[in-house]
Every structure is written in structure tokens, then in C-alpha cells.
>>> print(open('query17.cif').read())   # mmCIF, C-alpha atoms
data_query
#
loop_
_atom_site.label_atom_id
_atom_site.label_comp_id
_atom_site.auth_asym_id
_atom_site.auth_seq_id
_atom_site.Cartn_x
_atom_site.Cartn_y
_atom_site.Cartn_z
CA MET A 182 -187.40 34.17 -191.20
CA SER A 183 -184.35 35.96 -192.44
CA ILE A 184 -180.84 34.53 -192.14
CA GLU A 185 -179.92 37.14 -189.53
CA ALA A 186 -182.91 36.22 -187.42
CA GLU A 187 -182.02 32.53 -187.68
CA ARG A 188 -178.43 33.32 -186.61
CA SER A 189 -179.72 35.32 -183.69
CA VAL A 190 -181.92 32.40 -182.55
CA VAL A 191 -178.97 29.97 -182.84
CA ALA A 192 -176.71 32.37 -180.91
CA MET A 193 -179.30 32.70 -178.16
CA GLY A 194 -179.60 28.92 -177.97
CA SER A 195 -175.81 28.58 -177.67
CA ALA A 196 -175.72 31.22 -174.93
CA ILE A 197 -178.46 29.43 -173.00
CA ARG A 198 -176.65 26.10 -173.37
CA LEU A 199 -173.42 27.74 -172.26
CA ARG A 200 -175.12 29.26 -169.22
CA PHE A 201 -176.76 25.96 -168.40
CA LEU A 202 -173.40 24.18 -168.70
CA SER A 203 -171.65 26.79 -166.53
CA ALA A 204 -174.38 26.57 -163.93
CA THR A 205 -174.14 22.77 -163.91
CA VAL A 206 -170.35 22.88 -163.52
CA LEU A 207 -170.63 25.49 -160.78
CA LEU A 208 -173.30 23.48 -158.99
CA PHE A 209 -171.20 20.32 -159.25
CA ALA A 210 -168.11 22.11 -157.92
CA LEU A 211 -170.08 23.62 -155.05
CA SER A 212 -171.72 20.34 -154.10
CA SER A 213 -168.36 18.51 -154.31
CA THR A 214 -166.72 21.11 -152.06
CA LEU A 215 -169.63 20.90 -149.64
CA MET A 216 -169.52 17.10 -149.62
CA LEU A 217 -165.75 17.11 -149.12
CA SER A 218 -165.98 19.57 -146.24
CA VAL A 219 -168.85 17.59 -144.66
CA SER A 220 -166.84 14.41 -145.10
CA ALA A 221 -163.71 16.07 -143.60
CA THR A 222 -165.72 17.31 -140.62
CA GLY A 223 -167.19 13.84 -140.24
CA ASN A 224 -163.70 12.27 -140.36
CA GLN A 225 -162.45 14.79 -137.81
CA GLU A 226 -165.30 13.98 -135.43
CA VAL A 227 -164.76 10.25 -135.84
CA ALA A 228 -161.01 10.65 -135.24
CA ALA A 229 -161.58 12.82 -132.17
CA SER A 230 -164.03 10.39 -130.61
CA THR A 231 -161.79 7.38 -131.41
CA ILE A 232 -158.82 9.13 -129.81
CA SER A 233 -160.93 9.99 -126.77
CA GLU A 234 -161.97 6.34 -126.45
CA ALA A 235 -158.33 5.23 -126.81
CA GLU A 236 -157.34 7.65 -124.03
CA GLN A 237 -160.03 6.19 -121.79
CA SER A 238 -158.93 2.65 -122.52
CA MET A 239 -155.31 3.56 -121.74
CA ALA A 240 -156.34 5.20 -118.47
CA GLN A 241 -158.39 2.14 -117.51
CA ALA A 242 -155.49 -0.12 -118.43
CA TYR A 243 -153.11 1.94 -116.30
CA GLU A 244 -155.48 1.82 -113.31
CA ALA A 245 -155.85 -1.95 -113.71
CA VAL A 246 -152.07 -2.37 -113.93
CA LEU A 247 -151.57 -0.23 -110.81
CA ASP A 248 -154.13 -2.34 -108.91
CA ALA A 249 -152.35 -5.51 -110.00
CA GLU A 250 -148.99 -4.04 -109.01
CA ARG A 251 -150.30 -3.12 -105.53
CA VAL A 252 -151.12 -6.77 -104.78
CA GLY A 253 -147.69 -7.87 -105.97
CA ALA A 254 -148.42 -9.10 -109.52
CA ASP A 255 -145.61 -9.17 -112.06
CA ILE A 256 -146.73 -6.42 -114.46
CA SER A 257 -143.57 -6.12 -116.55
CA GLY A 258 -145.19 -7.84 -119.57
CA LEU A 259 -148.23 -5.58 -119.33
CA LEU A 260 -146.05 -2.46 -119.28
CA VAL A 261 -144.38 -3.54 -122.52
CA ARG A 262 -147.78 -3.90 -124.20
CA LEU A 263 -149.00 -0.62 -122.73
CA ASN A 264 -145.94 1.11 -124.13
CA ASP A 265 -146.83 -0.18 -127.60
CA ALA A 266 -150.33 1.20 -127.14
CA ALA A 267 -148.99 4.51 -125.82
CA ALA A 268 -146.80 4.90 -128.93
CA LEU A 269 -149.87 4.28 -131.09
CA LEU A 270 -151.85 6.87 -129.16
CA SER A 271 -149.04 9.41 -129.54
CA ASN A 272 -149.05 8.75 -133.28
CA ALA A 273 -152.83 9.22 -133.32
CA HIS A 274 -152.54 12.59 -131.58
CA MET A 275 -149.85 13.77 -133.94
CA ALA A 276 -151.71 12.57 -137.03
CA PHE A 277 -154.75 14.48 -135.76
CA GLU A 278 -152.63 17.61 -135.33
CA VAL A 279 -151.63 17.50 -139.00
CA GLU A 280 -155.27 16.76 -139.96
CA ASP A 281 -154.60 13.23 -141.14
CA PHE A 282 -157.84 12.00 -139.60
CA GLU A 283 -157.90 8.56 -141.19
CA GLU A 284 -154.44 7.72 -139.88
CA ALA A 285 -155.35 9.18 -136.50
CA THR A 286 -158.47 6.97 -136.34
CA GLY A 287 -156.47 3.88 -137.33
CA PHE A 288 -153.79 4.45 -134.68
CA ALA A 289 -156.36 5.24 -131.99
CA GLU A 290 -158.39 2.09 -132.75
CA LEU A 291 -155.27 -0.07 -132.40
CA ALA A 292 -154.35 1.68 -129.14
CA SER A 293 -157.88 1.10 -127.76
CA GLU A 294 -157.72 -2.57 -128.66
CA VAL A 295 -154.42 -3.09 -126.85
CA GLY A 296 -155.65 -1.00 -123.88
CA TYR A 297 -158.76 -3.14 -123.38
CA GLU A 298 -156.73 -6.36 -123.73
CA VAL A 299 -154.35 -5.10 -121.05
CA VAL A 300 -157.30 -4.30 -118.75
CA ASP A 301 -158.51 -7.93 -119.01
CA GLU A 302 -155.03 -9.37 -118.48
CA ALA A 303 -154.31 -7.05 -115.55
CA GLU A 304 -157.55 -8.09 -113.87
CA LEU A 305 -156.61 -11.76 -114.28
CA LEU A 306 -153.12 -11.10 -112.91
CA GLU A 307 -154.64 -9.21 -109.98
CA ILE A 308 -156.92 -12.16 -109.13
CA GLU A 309 -153.98 -14.58 -109.39
CA ALA A 310 -151.80 -12.33 -107.24
CA ASN A 311 -154.61 -11.95 -104.69
CA ASN A 312 -155.01 -15.73 -104.48
CA ALA A 313 -151.27 -16.15 -104.12
CA GLN A 314 -151.31 -13.48 -101.41
CA VAL A 315 -154.07 -15.31 -99.51
CA ASP A 316 -152.15 -18.60 -99.75
CA LYS A 317 -149.00 -16.85 -98.57
CA SER A 318 -150.86 -15.24 -95.67
CA TRP A 319 -152.22 -18.61 -94.57
CA LEU A 320 -148.75 -20.13 -94.78
CA PHE A 321 -147.32 -17.28 -92.71
CA LEU A 322 -150.11 -17.57 -90.13
CA VAL A 323 -149.73 -21.35 -89.77
CA THR A 324 -145.92 -21.08 -89.61
CA SER A 325 -146.17 -18.37 -86.97
CA ALA A 326 -148.75 -20.30 -84.93
CA LEU A 327 -146.61 -23.43 -85.01
CA GLY A 328 -143.49 -21.42 -84.19
CA VAL A 329 -145.10 -19.56 -81.28
CA SER A 330 -146.64 -22.78 -79.90
CA THR A 331 -143.27 -24.55 -80.08
CA VAL A 332 -141.52 -21.65 -78.37
CA LEU A 333 -144.19 -21.48 -75.61
CA VAL A 334 -144.13 -25.24 -74.94
CA ALA A 335 -140.31 -25.30 -75.02
CA SER A 336 -140.21 -22.30 -72.67
CA LEU A 337 -142.60 -23.88 -70.18
CA LEU A 338 -140.81 -27.22 -70.23
CA GLY A 339 -137.45 -25.50 -70.04
CA TYR A 340 -138.65 -23.36 -67.15
CA GLU A 341 -139.93 -26.41 -65.24
CA PHE A 342 -136.67 -28.28 -65.88
CA PHE A 343 -134.61 -25.31 -64.76
CA LYS A 344 -136.78 -24.75 -61.68
CA ARG A 345 -136.44 -28.39 -60.58
CA ARG A 346 -132.72 -28.39 -61.17
CA TYR A 347 -132.34 -25.09 -59.34
CA TYR A 348 -134.31 -26.23 -56.27
CA GLY A 349 -132.69 -29.71 -56.43
CA ARG A 350 -129.28 -28.13 -56.33
CA LEU A 351 -130.47 -25.83 -53.54
CA SER A 352 -131.80 -28.72 -51.45
CA LYS A 353 -128.51 -30.61 -51.85
CA MET A 354 -126.71 -27.71 -50.27
CA LYS A 355 -126.39 -28.70 -46.65
CA PRO A 356 -125.62 -26.20 -44.00
CA ARG A 357 -122.04 -26.56 -42.69
CA GLY A 358 -121.44 -27.26 -39.06
CA GLY A 359 -124.22 -28.13 -36.65
CA LEU A 360 -125.18 -28.75 -33.18
CA SER A 361 -122.84 -31.02 -31.25
CA MET B 186 -128.28 -14.15 -59.26
CA ASN B 187 -131.30 -15.41 -57.36
CA PHE B 188 -134.20 -17.38 -58.80
CA GLN B 189 -136.27 -14.25 -59.53
CA ASP B 190 -133.49 -12.89 -61.74
CA TYR B 191 -133.26 -16.20 -63.61
CA ARG B 192 -137.04 -16.19 -64.09
CA THR B 193 -137.03 -12.64 -65.52
CA LEU B 194 -134.19 -13.60 -67.88
CA PHE B 195 -136.16 -16.65 -68.96
CA GLN B 196 -139.29 -14.59 -69.61
CA VAL B 197 -137.44 -11.98 -71.69
CA GLY B 198 -135.68 -14.69 -73.70
CA SER B 199 -138.97 -16.51 -74.31
CA LEU B 200 -140.67 -13.29 -75.41
CA ALA B 201 -137.87 -12.62 -77.90
CA PHE B 202 -138.25 -16.12 -79.35
CA VAL B 203 -142.03 -15.75 -79.50
CA LEU B 204 -141.67 -12.48 -81.47
CA LEU B 205 -139.18 -14.16 -83.78
CA ALA B 206 -141.53 -17.08 -84.38
CA ALA B 207 -144.48 -14.72 -84.95
CA SER B 208 -142.57 -12.49 -87.39
CA PRO B 209 -144.11 -14.05 -90.57
CA ALA B 210 -147.62 -13.25 -89.30
CA LEU B 211 -146.54 -9.84 -88.00
CA SER B 212 -145.15 -8.97 -91.45
CA LEU B 213 -148.71 -9.23 -92.79
CA ILE B 214 -149.93 -6.57 -90.37
CA VAL B 215 -146.96 -4.26 -89.88
CA SER B 216 -145.75 -2.41 -92.97
CA PHE B 217 -142.68 -0.25 -92.98
CA PRO B 218 -142.73 3.06 -94.83
CA ARG B 219 -140.73 3.21 -98.06
CA GLY B 220 -137.49 5.05 -97.45
CA GLY B 221 -136.25 7.85 -99.70
CA GLU B 222 -137.89 10.55 -101.73
CA SER B 223 -140.36 9.99 -104.59
CA PHE B 224 -139.37 11.81 -107.76
CA SER B 225 -138.94 11.58 -111.53
CA GLU B 226 -135.85 12.46 -113.54
CA LEU B 227 -135.83 14.14 -116.93
CA TRP B 228 -132.66 14.61 -118.95
CA LEU B 229 -131.43 15.66 -122.34
CA LEU B 230 -128.08 14.50 -123.75
CA GLY B 231 -126.14 15.51 -126.83
CA PRO B 232 -125.63 13.39 -129.96
CA ASN B 233 -122.72 11.51 -128.34
CA HIS B 234 -124.89 10.50 -125.40
CA MET B 235 -123.04 12.95 -123.18
CA ALA B 236 -124.07 16.23 -121.56
CA GLU B 237 -122.05 18.14 -124.17
CA ASP B 238 -121.98 19.03 -127.88
CA TYR B 239 -125.63 20.01 -127.89
CA PRO B 240 -126.79 21.44 -131.23
CA PHE B 241 -126.63 25.24 -131.04
CA ASN B 242 -125.90 26.90 -134.38
CA VAL B 243 -128.52 25.34 -136.62
CA GLN B 244 -129.31 25.68 -140.29
CA ALA B 245 -132.59 25.15 -142.10
CA GLY B 246 -132.87 21.69 -143.62
CA GLU B 247 -130.11 20.12 -141.48
CA SER B 248 -130.92 17.30 -139.02
CA TYR B 249 -129.68 17.28 -135.43
CA SER B 250 -129.91 14.58 -132.80
CA LEU B 251 -130.37 14.43 -129.04
CA PHE B 252 -131.20 11.83 -126.41
CA LEU B 253 -134.18 12.35 -124.15
CA GLY B 254 -134.55 10.31 -120.95
CA VAL B 255 -136.88 9.87 -117.99
CA GLY B 256 -136.29 7.96 -114.75
CA ASN B 257 -139.08 6.78 -112.46
CA HIS B 258 -138.40 6.84 -108.69
CA LEU B 259 -142.01 7.29 -107.59
CA GLY B 260 -142.37 3.93 -105.86
CA HIS B 261 -144.90 2.62 -108.39
CA SER B 262 -145.35 2.32 -112.14
CA ALA B 263 -146.05 5.62 -113.83
CA TYR B 264 -147.69 6.82 -117.04
CA TYR B 265 -145.67 9.70 -118.49
CA LEU B 266 -146.17 12.17 -121.30
CA VAL B 267 -143.32 14.28 -122.69
CA CYS B 268 -144.37 17.23 -124.84
CA ALA B 269 -141.85 18.80 -127.21
CA LYS B 270 -142.44 22.52 -127.75
CA PHE B 271 -140.75 25.24 -129.79
CA ARG B 272 -140.58 28.89 -128.86
CA ASN B 273 -138.79 32.17 -129.47
CA GLN B 274 -137.31 34.32 -126.71
CA THR B 275 -140.56 36.08 -125.92
CA GLN B 276 -142.96 33.13 -125.88
CA PRO B 277 -143.78 31.54 -122.51
CA LEU B 278 -141.70 28.88 -120.80
CA PRO B 279 -143.24 26.51 -118.24
CA ASN B 280 -143.29 27.73 -114.66
CA ALA B 281 -141.88 24.69 -112.85
CA SER B 282 -142.25 26.18 -109.39
CA GLY B 283 -145.88 27.07 -110.03
CA SER B 284 -146.73 23.78 -111.77
CA GLU B 285 -147.71 25.72 -114.89
CA PRO B 286 -146.85 24.25 -118.28
CA SER B 287 -146.10 26.49 -121.26
CA SER B 288 -149.25 27.57 -123.06
CA LEU B 289 -147.67 26.72 -126.42
CA SER B 290 -148.98 23.66 -128.25
CA SER B 291 -146.87 20.53 -128.63
CA ILE B 292 -144.99 19.81 -131.81
CA TYR B 293 -144.36 16.22 -130.78
CA GLU B 294 -145.25 13.97 -127.87
CA PHE B 295 -144.00 10.78 -126.29
CA GLN B 296 -146.28 8.66 -124.11
CA PHE B 297 -144.90 5.74 -122.17
CA PHE B 298 -145.25 3.63 -119.03
CA LEU B 299 -142.33 3.09 -116.71
CA ALA B 300 -141.93 0.63 -113.83
CA ASP B 301 -140.51 1.93 -110.56
CA GLY B 302 -136.73 2.22 -110.75
CA ASP B 303 -136.65 1.94 -114.55
CA VAL B 304 -135.45 4.50 -117.07
CA TRP B 305 -136.72 5.32 -120.55
CA GLU B 306 -134.52 6.89 -123.18
CA THR B 307 -135.11 7.68 -126.83
CA PRO B 308 -133.18 9.36 -129.62
CA VAL B 309 -134.75 12.57 -130.88
CA THR B 310 -133.95 13.90 -134.32
CA PHE B 311 -135.07 17.39 -135.17
CA ALA B 312 -134.74 19.72 -138.12
CA ILE B 313 -136.10 23.06 -139.25
CA PRO B 314 -137.27 22.42 -142.79
CA GLY B 315 -139.03 25.73 -143.28
CA ALA B 316 -137.40 29.03 -142.29
CA SER B 317 -137.10 32.40 -143.97
CA ILE B 318 -135.67 35.84 -143.31
CA GLN B 319 -138.27 38.60 -143.17
CA GLY B 320 -136.75 42.00 -142.57
CA ASP B 321 -134.58 41.75 -139.48
CA SER B 322 -136.30 38.59 -138.21
CA VAL B 323 -136.04 34.90 -138.89
CA VAL B 324 -139.37 33.14 -139.25
CA VAL B 325 -139.46 29.41 -138.60
CA GLU B 326 -142.49 28.08 -140.42
CA SER B 327 -142.13 24.41 -139.59
CA VAL B 328 -140.19 22.12 -137.28
CA SER B 329 -139.65 18.43 -137.77
CA VAL B 330 -139.20 16.06 -134.83
CA ASN B 331 -138.50 12.39 -135.59
CA ASP B 332 -139.48 13.00 -139.22
CA ARG B 333 -142.86 14.45 -138.33
CA ILE B 334 -143.25 18.00 -139.62
CA LEU B 335 -145.47 20.50 -137.85
CA GLN B 336 -146.23 24.12 -138.72
CA VAL B 337 -145.13 26.52 -135.97
CA ASP B 338 -144.86 29.98 -137.53
CA CYS B 339 -142.52 31.39 -134.93
CA SER B 340 -140.34 34.44 -135.52
CA SER B 341 -137.29 35.76 -133.73
CA ALA B 342 -135.76 39.20 -134.02
CA TRP B 343 -132.01 39.73 -134.07
CA ASP B 344 -130.62 39.58 -130.53
CA SER B 345 -127.85 42.18 -130.54
CA GLU B 346 -126.68 41.23 -127.04
CA TYR B 347 -125.98 37.59 -127.91
CA SER B 348 -125.65 38.09 -131.70
CA GLY B 349 -128.15 35.62 -133.08
CA PHE B 350 -131.71 34.68 -133.91
CA TYR B 351 -132.65 32.57 -130.93
CA PHE B 352 -135.25 29.83 -130.58
CA GLN B 353 -135.68 27.15 -127.94
CA LEU B 354 -136.66 23.51 -128.26
CA PHE B 355 -137.82 22.21 -124.91
CA PHE B 356 -139.48 19.14 -123.45
CA GLU B 357 -142.06 19.17 -120.65
CA LEU B 358 -142.67 16.15 -118.42
CA TRP B 359 -146.29 15.32 -117.59
CA LEU B 360 -147.55 12.57 -115.28
CA TYR B 361 -150.90 10.81 -115.37
CA ASN B 362 -152.89 11.54 -112.22
CA SER B 363 -155.25 8.65 -111.42
CA THR B 364 -157.34 10.76 -109.05
CA ARG B 365 -158.01 13.44 -111.66
CA SER B 366 -157.99 10.99 -114.58
CA SER B 367 -155.79 13.28 -116.63
CA PHE B 368 -152.17 14.20 -117.27
CA GLN B 369 -150.68 16.93 -115.12
CA PHE B 370 -147.51 18.92 -115.65
CA HIS B 371 -144.86 17.25 -113.47
CA ASP B 372 -142.86 20.45 -112.82
CA ARG B 373 -139.92 19.42 -114.95
CA PHE B 374 -138.65 20.57 -118.32
CA VAL B 375 -135.39 20.57 -120.23
CA GLY B 376 -134.44 22.41 -123.38
CA ILE B 377 -131.73 23.73 -125.66
CA TRP B 378 -131.23 27.11 -127.26
CA LEU B 379 -130.87 27.20 -131.02
CA ASN B 380 -129.31 30.00 -133.04
CA MET B 381 -130.60 30.08 -136.61
CA THR B 382 -127.57 30.88 -138.67
CA GLY B 383 -128.79 30.25 -142.15
#
>>> encode(input="query17.cif", output="C-alpha cells")
Amino acid sequence: MSIEAERSVVAMGSAIRLRFLSATVLLFALSSTLMLSVSATGNQEVAASTISEAEQSMAQAYEAVLDAERVGADISGLLVRLNDAAALLSNAHMAFEVEDFEEATGFAELASEVGYEVVDEAELLEIEANNAQVDKSWLFLVTSALGVSTVLVASLLGYEFFKRRYYGRLSKMKPRGGLS
Amino acid sequence: MNFQDYRTLFQVGSLAFVLLAASPALSLIVSFPRGGESFSELWLLGPNHMAEDYPFNVQAGESYSLFLGVGNHLGHSAYYLVCAKFRNQTQPLPNASGSEPSSLSSIYEFQFFLADGDVWETPVTFAIPGASIQGDSVVVESVSVNDRILQVDCSSAWDSEYSGFYFQLFFELWLYNSTRSSFQFHDRFVGIWLNMTG
């Protein structure tokens, strides 16, 4: 084989290697981009579903707090905690808007946690307030029954006393004058 | 007065005392309607916590402050959402009488719970970090509210009548509706006009 032929073979080999290398790099870049985009889509879906769950937990917590409030429970402490959760949920929404899905997921998870804790506490408070309401109702009923009974007995006795006194005074009144 | 009159007087007096004694039990059955109107307040104050000195002539990169407040007079605790939005003169405002919020997307939001009779107030700092002049229009590319930057891409042409490039920052009040399990526009919004001067 002549020198020129050998050079030509070497050049061909280099070109093949170069093509192979380029193809490998291109393939790597493409697969990386694809993986990144798949991962970003996955993160977005996770963030969206976590935010949705946080919204549900907040709604449940609010309903539970309203129920507790209706039966007269002191819900001021729960509102403070709900406000913390609401701030976290707002942050989650805004992080999602700017496509910071990891931060959005983190905020939403914290909000969910607080929301579910508030649901449990609100239910306990509602039960306590209901029990207190039942006790109060019994107290009111007994007080009223005693009060009404006392008033009725006092009225009857008073009426009898007044009637006797009235007729006694009437019988003492003697007609003036008489037959001579 | 004869005896019949005395007896009637006695009966009326006894009945009054019976009602008085039964009032604790009656209070469990009879409930009186809550007086007054149910409503929510929404307000925006200037940097000195007064309804004056609102930011008007604004420059890109400068920070401006406001105070945003909500009052709950609904008779029960409420779950509110306030959406901050940014628009030019031609973009839609909310229709408060038709319960229609603006179709623009929020650049910032506040969510909070408020007990009946309570008020919520927060400082709001805003800036326009990205703005440019394109022909005879000013294009606001981004708005920052409480240090959170959001792309808006909103342009305003020169208003020859009022001599300025006008934009509006406004806040919509939304209320959580338990029946529908979602937030609904609560027919209230407040906002300020901004003239981009440079």
C-alpha cells in the first residue's frame, strides 16, 4: 500500500471517529434535554397535585373551624394557625407561577400538614363546645324549672293569702245602722 | 277595685314572673336575628398609612409602598383571597356590579382567615424592575410585589389627554364560598393609577 493510500485510510478512520463522537455527544445532549423536560413536567405535576391537596385541606379546615364557631367554640387560636397555612399556600401558588416547582411543592406540603392538624383540633373543639352547650342547656332548663315552680307556688300561696285577707276584711265590715 | 280586678292583676303579675323565671330555657329556643348588614371592607392606604400620598409618578427600579386592609363584618369567620393585578388602560377591570373579576392573571396573592369584627392589614411594596420604551409606548416586562418578581409584558401608549404612560395596580377581594367549595369574587376592588415617567 502506498503512503497516500495509508493516509487516506487514516483520514477515513478519523472522520468516522469524529462522526461517532459527534453522534454520541448529540445523542447525550438530546437525551439529557429529554430527561430534563420529563423531569420538569413530572415536578410540575407533583407540585400541581400537592397544591390541590393543600387547597382541599385548607377548605376542610375552614369548614371544621366554621362548624366549631357555630357551636360557640373559641377558634381564635385555630385562625392564627390557619393564617400561617394560608400564607404558605399563597407562597406555593406564587412559586408555581414562576415555575419553581420544588419550592411550590414544599410550601404546599407544609400548608397541607397545618390544614389537617387544624381539622383535627377544630373537631375536638367542636365536641368540647357541644358538650359545654349541653351542660349549659341542662343548667338553664333546671334553673328555669325551679324558677317557674317557685313563682307558681309563691303565686298560689300569695293568692290564697290575699283572698283570705280580702274576704276577712270584707266580713269585718258591718253594715251601719239596723233595725230598732 | 273589686276582687275580680285584683285577681286579674295577680294573674298578669304572676305570668310576668313566670316568663322571667323561664327566660334561661326560652333563650335556648328563641334566637334573635343579628342586627346590621353583613359586608366586608377593602382599603388601600398610602405609605404614611393615610388615604393620601399614593405613589403616582413611578420609575423603573424604584420601590413604592402601600397598606392593604380588609375588614370582616359578615357575622362569622371568613376565608379571604386578595389578588393583585396589573393592567394598562385598555385591559379589563373587574365588574363589581356584575360580580365579574378581571380576566387578567394575578401577580401576587394574599390568603388569610379573619374572625368576625376583625381587620387584617399588610404592607405592600411594589416596584417595576423591567420596563422599556418601544416607539411611542412603554412596555412593562415585569412587576415585583413584596420582592416577588413576575413577568407581565404589558404596554401602554402615550395618553395625550392626561400626558403620561398609564398603568394600574389593583387588588380584588375574593371570598371562600363553602357551598361551592371555591373562592368567588366578592365584588370589591381597589387600585391606584401609575404614570411611568422613566
>>> residues_around(input="query17.cif", residues="Ala273 of chain A", least_positions_apart="4", cutoff="9 Å", atoms="only C-alpha atoms", output="PyMOL selection string")
chain A and resi 228+232+268-269+277-278+281-282+284-289+292
>>> resolve_selection(input="query17.cif", expression="the PyMOL selection byres ((chain B) within 8 of (chain A))", output="VMD selection string")
chain B and resid 188 192 195 199 202 to 204 206 to 210 213 261 to 262 264 293 to 300 335 363 366
>>> atom_distance(input="query17.cif", atom1="atom CA of Leu358 of chain B", atom2="atom CA of Ser233 of chain A")
21.0 Å
>>> closest_atom_pairs(input="query17.cif", of="segment 202-312 of chain B", to="segment 340-354 of chain B", cutoff="9 Å", atoms="all atoms listed in the file", output="Markdown table")
| residue | atom | partner | partner_atom | distance |
| --- | --- | --- | --- | --- |
| B:Ala269 | CA | B:Leu354 | CA | 7.1 |
| B:Lys270 | CA | B:Leu354 | CA | 5.9 |
| B:Phe271 | CA | B:Leu354 | CA | 4.7 |
| B:Arg272 | CA | B:Gln353 | CA | 5.3 |
| B:Asn273 | CA | B:Phe352 | CA | 4.4 |
| B:Gln274 | CA | B:Phe352 | CA | 6.3 |
| B:Thr275 | CA | B:Ser341 | CA | 8.5 |
>>> axis_aligned_box(input="query17.cif", around="segment 239-242 of chain B", padding_each_side="4 Å", output="JSON")
{"center_x": -126.2, "center_y": 23.5, "center_z": -131.1, "size_x": 9.2, "size_y": 14.9, "size_z": 14.5}
>>> resolve_selection(input="query17.cif", expression="the PyMOL selection byres ((chain A and resi 252) around 10)", output="PyMOL selection string")
chain A and resi 247-251+253-255+306-314
>>> closest_residue(input="query17.cif", among="B:Tyr249, B:Thr310, B:Gln244, B:Leu229", to="Val375 of chain B", atoms="only C-alpha atoms")
B:Leu229
>>> residues_near_point(input="query17.cif", point="(-134.3, 2.8, -127.2)", cutoff="10 Å", atoms="only C-alpha atoms", output="PDB file with C-alpha atoms, keeping the file's coordinate frame")
ATOM      1  CA  PHE B 252    -131.200  11.830-126.410  1.00  0.00           C
ATOM      2  CA  GLY B 254    -134.550  10.310-120.950  1.00  0.00           C
ATOM      3  CA  TRP B 305    -136.720   5.320-120.550  1.00  0.00           C
ATOM      4  CA  GLU B 306    -134.520   6.890-123.180  1.00  0.00           C
ATOM      5  CA  THR B 307    -135.110   7.680-126.830  1.00  0.00           C
ATOM      6  CA  PRO B 308    -133.180   9.360-129.620  1.00  0.00           C
TER       7      PRO B 308
END
>>> atom_distance(input="query17.cif", atom1="atom CA of Pro218 of chain B", atom2="atom CA of Arg373 of chain B")
26.1 Å
>>> resolve_selection(input="query17.cif", expression="the PyMOL selection byres ((chain B and resi 318) around 12)", output="list of chain:residue names")
B:Ala245, B:Gly315, B:Ala316, B:Ser317, B:Gln319, B:Gly320, B:Asp321, B:Ser322, B:Val323, B:Val324, B:Val325, B:Glu326, B:Cys339, B:Ser340, B:Ser341, B:Ala342, B:Trp343, B:Phe350, B:Met381, B:Thr382, B:Gly383
>>> write_last_selection(input="query17.cif", atoms="C-alpha atoms", output="PDB file, in the coordinates of the input")
ATOM      1  CA  ALA B 245    -132.590  25.150-142.100  1.00  0.00           C
ATOM      2  CA  GLY B 315    -139.030  25.730-143.280  1.00  0.00           C
ATOM      3  CA  ALA B 316    -137.400  29.030-142.290  1.00  0.00           C
ATOM      4  CA  SER B 317    -137.100  32.400-143.970  1.00  0.00           C
ATOM      5  CA  GLN B 319    -138.270  38.600-143.170  1.00  0.00           C
ATOM      6  CA  GLY B 320    -136.750  42.000-142.570  1.00  0.00           C
ATOM      7  CA  ASP B 321    -134.580  41.750-139.480  1.00  0.00           C
ATOM      8  CA  SER B 322    -136.300  38.590-138.210  1.00  0.00           C
ATOM      9  CA  VAL B 323    -136.040  34.900-138.890  1.00  0.00           C
ATOM     10  CA  VAL B 324    -139.370  33.140-139.250  1.00  0.00           C
ATOM     11  CA  VAL B 325    -139.460  29.410-138.600  1.00  0.00           C
ATOM     12  CA  GLU B 326    -142.490  28.080-140.420  1.00  0.00           C
ATOM     13  CA  CYS B 339    -142.520  31.390-134.930  1.00  0.00           C
ATOM     14  CA  SER B 340    -140.340  34.440-135.520  1.00  0.00           C
ATOM     15  CA  SER B 341    -137.290  35.760-133.730  1.00  0.00           C
ATOM     16  CA  ALA B 342    -135.760  39.200-134.020  1.00  0.00           C
ATOM     17  CA  TRP B 343    -132.010  39.730-134.070  1.00  0.00           C
ATOM     18  CA  PHE B 350    -131.710  34.680-133.910  1.00  0.00           C
ATOM     19  CA  MET B 381    -130.600  30.080-136.610  1.00  0.00           C
ATOM     20  CA  THR B 382    -127.570  30.880-138.670  1.00  0.00           C
ATOM     21  CA  GLY B 383    -128.790  30.250-142.150  1.00  0.00           C
TER      22      GLY B 383
END
>>> closest_residue(input="query17.cif", among="B:Gly302, B:Gly376, B:Gly220, B:Gly198", to="Ala263 of chain B", atoms="only C-alpha atoms")
B:Gly302
>>> atom_distance(input="query17.cif", atom1="atom CA of Leu266 of chain B", atom2="atom CA of Glu357 of chain B")
8.1 Å
>>> residues_near_point(input="query17.cif", point="(-141.1, 19.6, -142.5)", cutoff="10 Å", atoms="only C-alpha atoms", output="VMD selection string")
chain B and resid 246 311 to 315 326 to 330 332 to 336
